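Structure data (CSV, N, CA and C atoms) from upload-v4.csv:
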```csv
chain,number,residue,atom,x,y,z
A,1,MET,N,95.6,90.4,80.7
A,1,MET,CA,95.7,91.5,79.7
A,1,MET,C,94.6,92.5,79.9
A,2,ILE,N,95.0,93.8,79.9
A,2,ILE,CA,94.0,94.8,79.9
A,2,ILE,C,93.7,95.3,78.5
A,3,ARG,N,92.4,95.4,78.2
A,3,ARG,CA,92.0,95.9,76.9
A,3,ARG,C,90.7,96.6,77.1
A,4,ARG,N,90.3,97.4,76.0
A,4,ARG,CA,89.1,98.1,76.0
A,4,ARG,C,87.9,97.0,76.0
A,5,ALA,N,86.9,97.3,76.8
A,5,ALA,CA,85.7,96.5,76.8
A,5,ALA,C,85.0,96.5,75.5
A,6,LEU,N,84.4,95.4,75.1
A,6,LEU,CA,83.7,95.2,73.9
A,6,LEU,C,82.2,94.8,74.2
A,7,LYS,N,81.3,95.0,73.3
A,7,LYS,CA,80.0,94.7,73.5
A,7,LYS,C,79.8,93.2,73.8
A,8,LYS,N,80.7,92.3,73.3
A,8,LYS,CA,80.6,90.9,73.5
A,8,LYS,C,80.9,90.6,75.0
A,9,ASP,N,81.5,91.5,75.7
A,9,ASP,CA,81.9,91.3,77.1
A,9,ASP,C,80.8,91.6,78.1
A,10,ILE,N,79.6,92.1,77.6
A,10,ILE,CA,78.6,92.5,78.5
A,10,ILE,C,78.1,91.4,79.5
A,11,SER,N,77.9,90.2,79.0
A,11,SER,CA,77.4,89.1,79.9
A,11,SER,C,78.5,88.8,81.0
A,12,GLU,N,79.7,88.8,80.7
A,12,GLU,CA,80.8,88.5,81.7
A,12,GLU,C,80.9,89.6,82.7
A,13,ILE,N,80.8,90.9,82.2
A,13,ILE,CA,80.9,92.0,83.1
A,13,ILE,C,79.7,92.0,84.0
A,14,SER,N,78.5,91.8,83.4
A,14,SER,CA,77.3,91.7,84.2
A,14,SER,C,77.4,90.6,85.3
A,15,ARG,N,77.9,89.5,85.0
A,15,ARG,CA,78.0,88.4,85.9
A,15,ARG,C,79.0,88.8,87.1
A,16,LEU,N,80.1,89.4,86.7
A,16,LEU,CA,81.0,89.9,87.7
A,16,LEU,C,80.4,90.9,88.6
A,17,MET,N,79.6,91.8,88.1
A,17,MET,CA,78.9,92.8,88.9
A,17,MET,C,78.0,92.2,89.9
A,18,ARG,N,77.2,91.3,89.4
A,18,ARG,CA,76.2,90.6,90.3
A,18,ARG,C,76.9,89.8,91.4
A,19,GLU,N,78.0,89.2,91.1
A,19,GLU,CA,78.8,88.5,92.1
A,19,GLU,C,79.5,89.4,93.1
A,20,SER,N,79.8,90.6,92.7
A,20,SER,CA,80.7,91.4,93.5
A,20,SER,C,80.2,92.6,94.2
A,21,ILE,N,79.1,93.2,93.7
A,21,ILE,CA,78.6,94.4,94.3
A,21,ILE,C,77.1,94.3,94.7
A,22,ALA,N,76.7,95.1,95.6
A,22,ALA,CA,75.3,95.1,96.1
A,22,ALA,C,74.3,95.6,95.1
A,23,GLN,N,74.7,96.6,94.4
A,23,GLN,CA,73.7,97.2,93.4
A,23,GLN,C,74.3,97.2,92.0
A,24,PRO,N,74.3,96.1,91.3
A,24,PRO,CA,74.9,96.0,90.0
A,24,PRO,C,74.0,96.9,89.0
A,25,TRP,N,74.7,97.3,87.9
A,25,TRP,CA,73.9,98.1,86.9
A,25,TRP,C,73.0,97.1,86.1
A,26,SER,N,72.0,97.7,85.6
A,26,SER,CA,71.1,96.9,84.7
A,26,SER,C,71.8,96.6,83.4
A,27,ALA,N,71.3,95.7,82.7
A,27,ALA,CA,71.9,95.4,81.4
A,27,ALA,C,71.9,96.6,80.5
A,28,ALA,N,70.8,97.4,80.5
A,28,ALA,CA,70.7,98.6,79.7
A,28,ALA,C,71.7,99.6,80.1
A,29,ALA,N,71.9,99.8,81.4
A,29,ALA,CA,72.9,100.8,81.9
A,29,ALA,C,74.3,100.4,81.5
A,30,LEU,N,74.6,99.1,81.6
A,30,LEU,CA,75.9,98.6,81.2
A,30,LEU,C,76.1,98.7,79.7
A,31,GLU,N,75.1,98.4,78.9
A,31,GLU,CA,75.3,98.6,77.5
A,31,GLU,C,75.5,100.0,77.1
A,32,TYR,N,74.8,100.9,77.8
A,32,TYR,CA,75.0,102.4,77.5
A,32,TYR,C,76.4,102.8,77.9
A,33,ALA,N,76.9,102.4,79.0
A,33,ALA,CA,78.2,102.7,79.5
A,33,ALA,C,79.3,102.3,78.5
A,34,LEU,N,79.1,101.1,77.9
A,34,LEU,CA,80.0,100.5,77.0
A,34,LEU,C,79.9,101.2,75.6
A,35,SER,N,78.8,101.6,75.2
A,35,SER,CA,78.6,102.2,73.9
A,35,SER,C,78.9,103.7,73.9
A,36,ASN,N,78.9,104.4,75.0
A,36,ASN,CA,79.2,105.8,75.1
A,36,ASN,C,80.6,106.1,74.8
A,37,VAL,N,80.8,106.8,73.6
A,37,VAL,CA,82.2,107.1,73.2
A,37,VAL,C,83.0,108.0,74.1
A,38,GLY,N,82.3,108.7,75.0
A,38,GLY,CA,83.0,109.5,76.0
A,38,GLY,C,83.5,108.7,77.2
A,39,ASN,N,83.1,107.5,77.3
A,39,ASN,CA,83.6,106.7,78.5
A,39,ASN,C,84.9,105.9,78.1
A,40,ASP,N,85.7,105.7,79.1
A,40,ASP,CA,86.8,104.8,79.0
A,40,ASP,C,86.4,103.5,79.8
A,41,PHE,N,86.3,102.4,79.2
A,41,PHE,CA,85.9,101.2,79.8
A,41,PHE,C,86.9,100.1,79.5
A,42,TYR,N,87.5,99.6,80.5
A,42,TYR,CA,88.6,98.6,80.3
A,42,TYR,C,88.2,97.3,81.1
A,43,VAL,N,88.7,96.2,80.6
A,43,VAL,CA,88.5,94.9,81.3
A,43,VAL,C,89.9,94.3,81.5
A,44,TYR,N,90.0,93.5,82.5
A,44,TYR,CA,91.2,92.7,82.8
A,44,TYR,C,90.8,91.3,82.4
A,45,ASP,N,91.3,90.8,81.3
A,45,ASP,CA,91.0,89.5,80.7
A,45,ASP,C,92.1,88.5,80.9
A,46,ASP,N,91.8,87.5,81.7
A,46,ASP,CA,92.8,86.5,82.0
A,46,ASP,C,92.2,85.2,81.7
A,47,GLY,N,91.8,85.0,80.4
A,47,GLY,CA,91.1,83.8,80.0
A,47,GLY,C,89.6,83.9,80.4
A,48,GLY,N,89.2,85.0,80.8
A,48,GLY,CA,87.9,85.4,81.3
A,48,GLY,C,88.0,86.7,82.0
A,49,ILE,N,87.0,87.5,82.1
A,49,ILE,CA,87.1,88.8,82.7
A,49,ILE,C,87.0,88.7,84.2
A,50,VAL,N,88.1,89.2,84.8
A,50,VAL,CA,88.2,89.1,86.3
A,50,VAL,C,88.2,90.5,86.9
A,51,GLY,N,88.1,91.5,86.1
A,51,GLY,CA,88.0,92.9,86.6
A,51,GLY,C,87.7,93.9,85.5
A,52,PHE,N,87.2,95.0,85.9
A,52,PHE,CA,86.9,96.1,84.9
A,52,PHE,C,86.9,97.4,85.6
A,53,ILE,N,87.0,98.5,84.8
A,53,ILE,CA,86.9,99.8,85.3
A,53,ILE,C,86.2,100.6,84.3
A,54,CYS,N,85.3,101.5,84.7
A,54,CYS,CA,84.6,102.4,83.9
A,54,CYS,C,84.8,103.9,84.3
A,55,VAL,N,85.3,104.7,83.4
A,55,VAL,CA,85.5,106.1,83.7
A,55,VAL,C,84.6,106.9,82.8
A,56,GLU,N,83.7,107.6,83.4
A,56,GLU,CA,82.7,108.4,82.6
A,56,GLU,C,83.4,109.8,82.5
A,57,ASN,N,83.4,110.3,81.2
A,57,ASN,CA,84.1,111.6,80.9
A,57,ASN,C,83.0,112.6,80.4
A,58,VAL,N,83.1,113.8,80.9
A,58,VAL,CA,82.3,114.9,80.4
A,58,VAL,C,83.1,116.1,80.3
A,59,ILE,N,83.3,116.6,79.1
A,59,ILE,CA,84.1,117.8,78.8
A,59,ILE,C,85.6,117.5,79.3
A,60,ASP,N,86.0,118.1,80.4
A,60,ASP,CA,87.4,117.8,80.9
A,60,ASP,C,87.4,117.2,82.3
A,61,GLU,N,86.3,116.6,82.7
A,61,GLU,CA,86.2,116.0,84.0
A,61,GLU,C,85.9,114.5,83.8
A,62,GLY,N,86.6,113.6,84.6
A,62,GLY,CA,86.4,112.2,84.6
A,62,GLY,C,85.9,111.7,85.9
A,63,CYS,N,85.1,110.7,85.9
A,63,CYS,CA,84.6,110.1,87.2
A,63,CYS,C,84.8,108.6,87.1
A,64,ILE,N,85.5,108.0,88.0
A,64,ILE,CA,85.6,106.5,88.0
A,64,ILE,C,84.3,106.1,88.7
A,65,SER,N,83.4,105.6,87.8
A,65,SER,CA,82.1,105.3,88.3
A,65,SER,C,82.0,103.8,88.8
A,66,MET,N,83.0,103.0,88.4
A,66,MET,CA,83.0,101.7,88.9
A,66,MET,C,84.3,101.0,88.6
A,67,ILE,N,84.8,100.3,89.6
A,67,ILE,CA,86.0,99.4,89.4
A,67,ILE,C,85.7,98.2,90.3
A,68,VAL,N,85.7,97.0,89.6
A,68,VAL,CA,85.3,95.8,90.2
A,68,VAL,C,86.4,94.7,89.9
A,69,VAL,N,86.7,93.9,90.9
A,69,VAL,CA,87.6,92.8,90.7
A,69,VAL,C,87.0,91.6,91.3
A,70,ASP,N,87.0,90.5,90.6
A,70,ASP,CA,86.5,89.2,91.2
A,70,ASP,C,87.1,89.0,92.6
A,71,GLU,N,86.2,88.6,93.5
A,71,GLU,CA,86.6,88.4,94.9
A,71,GLU,C,87.8,87.5,95.0
A,72,LYS,N,87.8,86.4,94.2
A,72,LYS,CA,88.9,85.4,94.3
A,72,LYS,C,90.2,86.0,93.8
A,73,ARG,N,90.2,87.1,93.1
A,73,ARG,CA,91.4,87.6,92.5
A,73,ARG,C,91.9,89.0,93.1
A,74,ARG,N,91.2,89.4,94.2
A,74,ARG,CA,91.6,90.6,94.8
A,74,ARG,C,93.0,90.5,95.5
A,75,ARG,N,93.6,91.7,95.7
A,75,ARG,CA,94.9,91.8,96.4
A,75,ARG,C,96.0,91.2,95.5
A,76,GLN,N,95.8,91.2,94.2
A,76,GLN,CA,96.8,90.7,93.2
A,76,GLN,C,97.3,91.9,92.3
A,77,GLY,N,96.9,93.1,92.5
A,77,GLY,CA,97.3,94.2,91.7
A,77,GLY,C,96.4,94.5,90.5
A,78,ILE,N,95.3,93.8,90.4
A,78,ILE,CA,94.4,94.0,89.2
A,78,ILE,C,93.8,95.3,89.2
A,79,ALA,N,93.2,95.7,90.4
A,79,ALA,CA,92.6,97.1,90.5
A,79,ALA,C,93.6,98.2,90.2
A,80,ARG,N,94.8,98.0,90.7
A,80,ARG,CA,95.8,99.0,90.4
A,80,ARG,C,96.2,99.1,88.9
A,81,ALA,N,96.3,97.9,88.3
A,81,ALA,CA,96.6,97.9,86.9
A,81,ALA,C,95.5,98.5,86.1
A,82,LEU,N,94.3,98.2,86.4
A,82,LEU,CA,93.2,98.8,85.7
A,82,LEU,C,93.1,100.3,85.8
A,83,ALA,N,93.3,100.8,87.1
A,83,ALA,CA,93.3,102.2,87.4
A,83,ALA,C,94.4,102.9,86.7
A,84,GLU,N,95.6,102.4,86.7
A,84,GLU,CA,96.8,103.0,86.1
A,84,GLU,C,96.6,103.1,84.6
A,85,ARG,N,96.0,102.0,84.0
A,85,ARG,CA,95.7,102.1,82.5
A,85,ARG,C,94.7,103.2,82.2
A,86,ALA,N,93.6,103.2,82.9
A,86,ALA,CA,92.6,104.2,82.7
A,86,ALA,C,93.1,105.6,82.9
A,87,LEU,N,93.9,105.8,84.0
A,87,LEU,CA,94.4,107.2,84.2
A,87,LEU,C,95.5,107.5,83.2
A,88,GLY,N,96.3,106.6,82.8
A,88,GLY,CA,97.3,106.8,81.8
A,88,GLY,C,96.7,107.2,80.4
A,89,GLU,N,95.6,106.6,80.1
A,89,GLU,CA,94.9,106.9,78.8
A,89,GLU,C,94.0,108.2,78.8
A,90,SER,N,93.7,108.6,80.0
A,90,SER,CA,92.7,109.7,80.2
A,90,SER,C,93.3,111.0,79.7
A,91,LYS,N,92.4,111.8,79.1
A,91,LYS,CA,92.8,113.2,78.7
A,91,LYS,C,92.1,114.2,79.6
A,92,MET,N,91.5,113.8,80.7
A,92,MET,CA,90.7,114.6,81.6
A,92,MET,C,91.6,115.4,82.5
A,93,LEU,N,91.2,116.7,82.8
A,93,LEU,CA,92.1,117.5,83.7
A,93,LEU,C,91.9,117.1,85.2
A,94,GLY,N,90.7,116.6,85.5
A,94,GLY,CA,90.4,116.2,86.9
A,94,GLY,C,89.6,114.9,86.8
A,95,ILE,N,89.9,114.1,87.8
A,95,ILE,CA,89.2,112.8,87.9
A,95,ILE,C,88.8,112.6,89.3
A,96,TYR,N,87.5,112.3,89.5
A,96,TYR,CA,87.1,112.0,90.9
A,96,TYR,C,86.4,110.7,91.0
A,97,LEU,N,86.1,110.3,92.3
A,97,LEU,CA,85.4,109.1,92.5
A,97,LEU,C,84.8,109.2,93.9
A,98,GLU,N,83.9,108.2,94.2
A,98,GLU,CA,83.3,108.1,95.5
A,98,GLU,C,83.6,106.7,96.0
A,99,VAL,N,84.0,106.6,97.3
A,99,VAL,CA,84.3,105.3,97.8
A,99,VAL,C,83.7,105.2,99.2
A,100,ASN,N,83.2,104.0,99.5
A,100,ASN,CA,82.7,103.7,100.9
A,100,ASN,C,83.7,104.0,101.9
A,101,GLU,N,83.3,104.7,103.0
A,101,GLU,CA,84.3,105.1,104.0
A,101,GLU,C,84.9,103.8,104.7
A,102,ARG,N,84.2,102.7,104.6
A,102,ARG,CA,84.7,101.4,105.2
A,102,ARG,C,85.6,100.6,104.3
A,103,ASN,N,85.8,101.1,103.1
A,103,ASN,CA,86.6,100.3,102.1
A,103,ASN,C,88.0,100.8,102.2
A,104,VAL,N,88.7,100.4,103.3
A,104,VAL,CA,90.1,100.9,103.6
A,104,VAL,C,91.1,100.5,102.5
A,105,PRO,N,91.0,99.3,102.0
A,105,PRO,CA,92.0,98.9,100.9
A,105,PRO,C,91.8,99.8,99.7
A,106,ALA,N,90.6,100.1,99.3
A,106,ALA,CA,90.3,100.9,98.1
A,106,ALA,C,90.8,102.4,98.3
A,107,ILE,N,90.6,102.9,99.5
A,107,ILE,CA,91.0,104.2,99.9
A,107,ILE,C,92.5,104.3,99.8
A,108,ALA,N,93.2,103.3,100.3
A,108,ALA,CA,94.7,103.3,100.3
A,108,ALA,C,95.2,103.2,98.8
A,109,LEU,N,94.5,102.4,98.0
A,109,LEU,CA,94.9,102.3,96.6
A,109,LEU,C,94.7,103.7,95.9
A,110,TYR,N,93.6,104.3,96.1
A,110,TYR,CA,93.4,105.6,95.5
A,110,TYR,C,94.4,106.7,95.9
A,111,GLU,N,94.7,106.7,97.2
A,111,GLU,CA,95.7,107.6,97.7
A,111,GLU,C,97.0,107.4,97.1
A,112,SER,N,97.4,106.1,96.9
A,112,SER,CA,98.7,105.8,96.3
A,112,SER,C,98.7,106.2,94.9
A,113,LEU,N,97.6,106.3,94.2
A,113,LEU,CA,97.5,106.8,92.8
A,113,LEU,C,97.4,108.3,92.7
A,114,GLY,N,97.5,109.0,93.8
A,114,GLY,CA,97.5,110.5,93.8
A,114,GLY,C,96.1,111.1,94.1
A,115,PHE,N,95.1,110.3,94.4
A,115,PHE,CA,93.8,110.9,94.8
A,115,PHE,C,93.9,111.5,96.2
A,116,ARG,N,93.1,112.6,96.4
A,116,ARG,CA,93.1,113.2,97.7
A,116,ARG,C,91.6,113.3,98.1
A,117,LYS,N,91.3,113.2,99.4
A,117,LYS,CA,90.0,113.3,100.0
A,117,LYS,C,89.6,114.8,99.9
A,118,VAL,N,88.4,115.0,99.3
A,118,VAL,CA,87.9,116.4,99.1
A,118,VAL,C,86.5,116.6,99.7
A,119,GLY,N,85.9,115.6,100.1
A,119,GLY,CA,84.5,115.7,100.7
A,119,GLY,C,83.9,114.4,101.1
A,120,ILE,N,82.7,114.6,101.7
A,120,ILE,CA,82.0,113.4,102.2
A,120,ILE,C,80.5,113.5,101.7
A,121,ARG,N,79.9,112.4,101.4
A,121,ARG,CA,78.5,112.3,101.1
A,121,ARG,C,77.9,111.4,102.3
A,122,LYS,N,77.3,112.1,103.2
A,122,LYS,CA,76.7,111.4,104.4
A,122,LYS,C,75.7,110.3,104.0
A,123,LYS,N,75.8,109.1,104.5
A,123,LYS,CA,74.9,108.0,104.3
A,123,LYS,C,74.6,107.8,102.9
A,124,TYR,N,75.6,107.9,102.0
A,124,TYR,CA,75.5,107.6,100.6
A,124,TYR,C,75.2,106.2,100.3
A,125,TYR,N,75.9,105.3,101.1
A,125,TYR,CA,75.7,103.9,100.9
A,125,TYR,C,74.9,103.3,102.1
A,126,GLY,N,73.6,103.7,102.2
A,126,GLY,CA,72.8,103.3,103.4
A,126,GLY,C,73.3,104.0,104.6
A,127,GLU,N,73.8,103.3,105.5
A,127,GLU,CA,74.3,103.9,106.8
A,127,GLU,C,75.8,104.4,106.6
A,128,ASP,N,76.4,103.9,105.6
A,128,ASP,CA,77.8,104.3,105.4
A,128,ASP,C,77.9,105.6,104.5
A,129,SER,N,78.9,106.4,104.8
A,129,SER,CA,79.1,107.6,104.0
A,129,SER,C,80.1,107.3,102.9
A,130,ALA,N,80.1,108.1,101.9
A,130,ALA,CA,81.0,108.1,100.8
A,130,ALA,C,82.1,109.1,100.9
A,131,ILE,N,83.3,108.8,100.7
A,131,ILE,CA,84.4,109.7,100.7
A,131,ILE,C,84.6,110.1,99.2
A,132,ILE,N,84.6,111.4,98.9
A,132,ILE,CA,84.8,111.9,97.6
A,132,ILE,C,86.3,112.2,97.5
A,133,MET,N,86.9,111.6,96.4
A,133,MET,CA,88.3,111.8,96.2
A,133,MET,C,88.6,112.3,94.8
A,134,ARG,N,89.6,113.1,94.7
A,134,ARG,CA,89.9,113.8,93.4
A,134,ARG,C,91.4,113.8,93.1
A,135,LYS,N,91.7,113.7,91.8
A,135,LYS,CA,93.0,113.7,91.3
A,135,LYS,C,93.1,114.8,90.2
A,136,GLU,N,93.9,115.8,90.4
A,136,GLU,CA,94.1,116.8,89.4
A,136,GLU,C,95.2,116.4,88.5
A,137,ARG,N,95.1,116.7,87.2
A,137,ARG,CA,96.1,116.3,86.2
A,137,ARG,C,96.5,117.5,85.4
A,138,SER,N,97.8,117.5,85.0
A,138,SER,CA,98.2,118.5,84.1
A,138,SER,C,98.5,117.8,82.8
A,139,ILE,N,97.9,118.3,81.7
A,139,ILE,CA,98.1,117.7,80.4
A,139,ILE,C,98.7,118.7,79.5
```
Whole structure, structure tokens version:
Amino acid sequence: MIRRALKKDISEISRLMRESIAQPWSAAALEYALSNVGNDFYVYDDGGIVGFICVENVIDEGCISMIVVDEKRRRQGIARALAERALGESKMLGIYLEVNERNVPAIALYESLGFRKVGIRKKYYGEDSAIIMRKERSI
């Protein structure tokens, strides 16, 4: 079930970050992201949190700052479901994200959701570059 993240979810989200990504957010950054009323933060709760998405919103622009799915639950449509929920609820005119150039499955997912490549940040992830992708919306 996808639902809005709650403060009580911080420890599970933090655990998932530590297990899944090289540079997890600090507890303070995570708490700020959850408490910021401008953000859209959803979790995929399947008897425990197995994925989440955070969209940071400023005025009419959104940024998917993080989407994480438990490694054991990947390739089951969880990331797509989270992204579709966040995009469906969003009121932003444009949404962008950055993705590691080597993350071919994520790039394919974002393209299937209507994101287009608009730029590159060289060596954004150490030796790897980030592809900047954007989706324009009409509301």
Inset, instruction - Enumerate, as a PyMOL selection string, the protein, DNA and RNA residues whose atoms approach (87.8, 94.8, 86.6) to within 7 Å, taking into account only C-alpha atoms and the coordinate frame of the file. - result: chain A and resi 43-44+50-53+67-69+79+82
Any chance you can output those residues with N, CA and C atoms as an mmCIF file, keeping the file's coordinate frame?
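Writing the result to out_34.cif gives the following:
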```cif
data_model
loop_
_atom_site.group_PDB
_atom_site.id
_atom_site.type_symbol
_atom_site.label_atom_id
_atom_site.label_comp_id
_atom_site.auth_asym_id
_atom_site.auth_seq_id
_atom_site.Cartn_x
_atom_site.Cartn_y
_atom_site.Cartn_z
ATOM 1 N N VAL A 43 88.700 96.200 80.600
ATOM 2 C CA VAL A 43 88.500 94.900 81.300
ATOM 3 C C VAL A 43 89.900 94.300 81.500
ATOM 4 N N TYR A 44 90.000 93.500 82.500
ATOM 5 C CA TYR A 44 91.200 92.700 82.800
ATOM 6 C C TYR A 44 90.800 91.300 82.400
ATOM 7 N N VAL A 50 88.100 89.200 84.800
ATOM 8 C CA VAL A 50 88.200 89.100 86.300
ATOM 9 C C VAL A 50 88.200 90.500 86.900
ATOM 10 N N GLY A 51 88.100 91.500 86.100
ATOM 11 C CA GLY A 51 88.000 92.900 86.600
ATOM 12 C C GLY A 51 87.700 93.900 85.500
ATOM 13 N N PHE A 52 87.200 95.000 85.900
ATOM 14 C CA PHE A 52 86.900 96.100 84.900
ATOM 15 C C PHE A 52 86.900 97.400 85.600
ATOM 16 N N ILE A 53 87.000 98.500 84.800
ATOM 17 C CA ILE A 53 86.900 99.800 85.300
ATOM 18 C C ILE A 53 86.200 100.600 84.300
ATOM 19 N N ILE A 67 84.800 100.300 89.600
ATOM 20 C CA ILE A 67 86.000 99.400 89.400
ATOM 21 C C ILE A 67 85.700 98.200 90.300
ATOM 22 N N VAL A 68 85.700 97.000 89.600
ATOM 23 C CA VAL A 68 85.300 95.800 90.200
ATOM 24 C C VAL A 68 86.400 94.700 89.900
ATOM 25 N N VAL A 69 86.700 93.900 90.900
ATOM 26 C CA VAL A 69 87.600 92.800 90.700
ATOM 27 C C VAL A 69 87.000 91.600 91.300
ATOM 28 N N ALA A 79 93.200 95.700 90.400
ATOM 29 C CA ALA A 79 92.600 97.100 90.500
ATOM 30 C C ALA A 79 93.600 98.200 90.200
ATOM 31 N N LEU A 82 94.300 98.200 86.400
ATOM 32 C CA LEU A 82 93.200 98.800 85.700
ATOM 33 C C LEU A 82 93.100 100.300 85.800
#
```
Inset, instruction - Please report, as a PyMOL selection string, each residue of chain A to which DSSP assigns alpha helix (DSSP H) when run on this structure's backbone. - result: chain A and resi 10-20+27-35+78-89+104-112
Using only N, CA and C atoms, which protein or nucleic acid residues come within 8 Å of Phe115 of chain A? Drop anything in the same chain fewer than 3 positions from it, and give the result as a PDB file with N, CA and C atoms, keeping the file's coordinate frame.
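Ended up saving to result11.pdb:
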```pdb
ATOM      1  N   ILE A  95      89.900 114.100  87.800  1.00  0.00           N
ATOM      2  CA  ILE A  95      89.200 112.800  87.900  1.00  0.00           C
ATOM      3  C   ILE A  95      88.800 112.600  89.300  1.00  0.00           C
ATOM      4  N   TYR A  96      87.500 112.300  89.500  1.00  0.00           N
ATOM      5  CA  TYR A  96      87.100 112.000  90.900  1.00  0.00           C
ATOM      6  C   TYR A  96      86.400 110.700  91.000  1.00  0.00           C
ATOM      7  N   LEU A 109      94.500 102.400  98.000  1.00  0.00           N
ATOM      8  CA  LEU A 109      94.900 102.300  96.600  1.00  0.00           C
ATOM      9  C   LEU A 109      94.700 103.700  95.900  1.00  0.00           C
ATOM     10  N   TYR A 110      93.600 104.300  96.100  1.00  0.00           N
ATOM     11  CA  TYR A 110      93.400 105.600  95.500  1.00  0.00           C
ATOM     12  C   TYR A 110      94.400 106.700  95.900  1.00  0.00           C
ATOM     13  N   GLU A 111      94.700 106.700  97.200  1.00  0.00           N
ATOM     14  CA  GLU A 111      95.700 107.600  97.700  1.00  0.00           C
ATOM     15  C   GLU A 111      97.000 107.400  97.100  1.00  0.00           C
ATOM     16  N   SER A 112      97.400 106.100  96.900  1.00  0.00           N
ATOM     17  CA  SER A 112      98.700 105.800  96.300  1.00  0.00           C
ATOM     18  C   SER A 112      98.700 106.200  94.900  1.00  0.00           C
ATOM     19  N   VAL A 118      88.400 115.000  99.300  1.00  0.00           N
ATOM     20  CA  VAL A 118      87.900 116.400  99.100  1.00  0.00           C
ATOM     21  C   VAL A 118      86.500 116.600  99.700  1.00  0.00           C
ATOM     22  N   ILE A 132      84.600 111.400  98.900  1.00  0.00           N
ATOM     23  CA  ILE A 132      84.800 111.900  97.600  1.00  0.00           C
ATOM     24  C   ILE A 132      86.300 112.200  97.500  1.00  0.00           C
ATOM     25  N   MET A 133      86.900 111.600  96.400  1.00  0.00           N
ATOM     26  CA  MET A 133      88.300 111.800  96.200  1.00  0.00           C
ATOM     27  C   MET A 133      88.600 112.300  94.800  1.00  0.00           C
ATOM     28  N   ARG A 134      89.600 113.100  94.700  1.00  0.00           N
ATOM     29  CA  ARG A 134      89.900 113.800  93.400  1.00  0.00           C
ATOM     30  C   ARG A 134      91.400 113.800  93.100  1.00  0.00           C
ATOM     31  N   LYS A 135      91.700 113.700  91.800  1.00  0.00           N
ATOM     32  CA  LYS A 135      93.000 113.700  91.300  1.00  0.00           C
ATOM     33  C   LYS A 135      93.100 114.800  90.200  1.00  0.00           C
ATOM     34  N   GLU A 136      93.900 115.800  90.400  1.00  0.00           N
ATOM     35  CA  GLU A 136      94.100 116.800  89.400  1.00  0.00           C
ATOM     36  C   GLU A 136      95.200 116.400  88.500  1.00  0.00           C
TER      37      GLU A 136
END
```
Legend entry - Of the listed residues A:Leu6, A:Ala83, A:Leu113, A:Ile78, that which approaches Ser65 of chain A most closely, counting only C-alpha atoms: A:Ala83
Inset, instruction - With a distance cut-off of 7 Å and only N, CA and C atoms, select the neighbouring residues of segment 31-39 of chain A, excluding the residue or stretch itself and same-chain residues fewer than 3 positions from it, and output the selection as a PyMOL selection string. - result: chain A and resi 5-7+10+26-28+54-58
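Remark: residues at most 12 Å from position (78.1, 110.7, 106.5) in file coordinates are Val99, Asn100, Glu101, Arg102, Gly119, Ile120, Arg121, Lys122, Lys123, Tyr124, Tyr125, Gly126, Glu127, Asp128, Ser129, Ala130, Ile131 and Ile132 of chain A, using only C-alpha atoms.
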Inset, instruction - Have a look at atom C of Asp70 of chain A and atom CA of Gly94 of chain A and let me know their distance in Å, one decimal. - result: 28.0 Å
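The space separating atom CA of Ile107 of chain A from atom CA of Leu87 of chain A comes to 16.3 Å.
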Inset, instruction - Run DSSP on the backbone and grab whatever in chain A lands in strand (DSSP E or B); send it over as a PyMOL selection string. - result: chain A and resi 2-4+40-45+49-58+61-69+94-100+116-125+128-136
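If you look at atom N of Pro105 of chain A and atom N of Trp25 of chain A, they are 21.6 Å away from each other.
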Legend entry - Using only N, CA and C atoms: which of A:Met66, A:Arg74, A:Glu12, A:Ala22 has the shortest distance to Gly48 of chain A: A:Glu12
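In terms of minimum interatomic distance to Ala81 of chain A, A:Ile2 ranks closest within A:Ile2, A:Glu98, A:Ser20, A:Arg15, counting only N, CA and C atoms.
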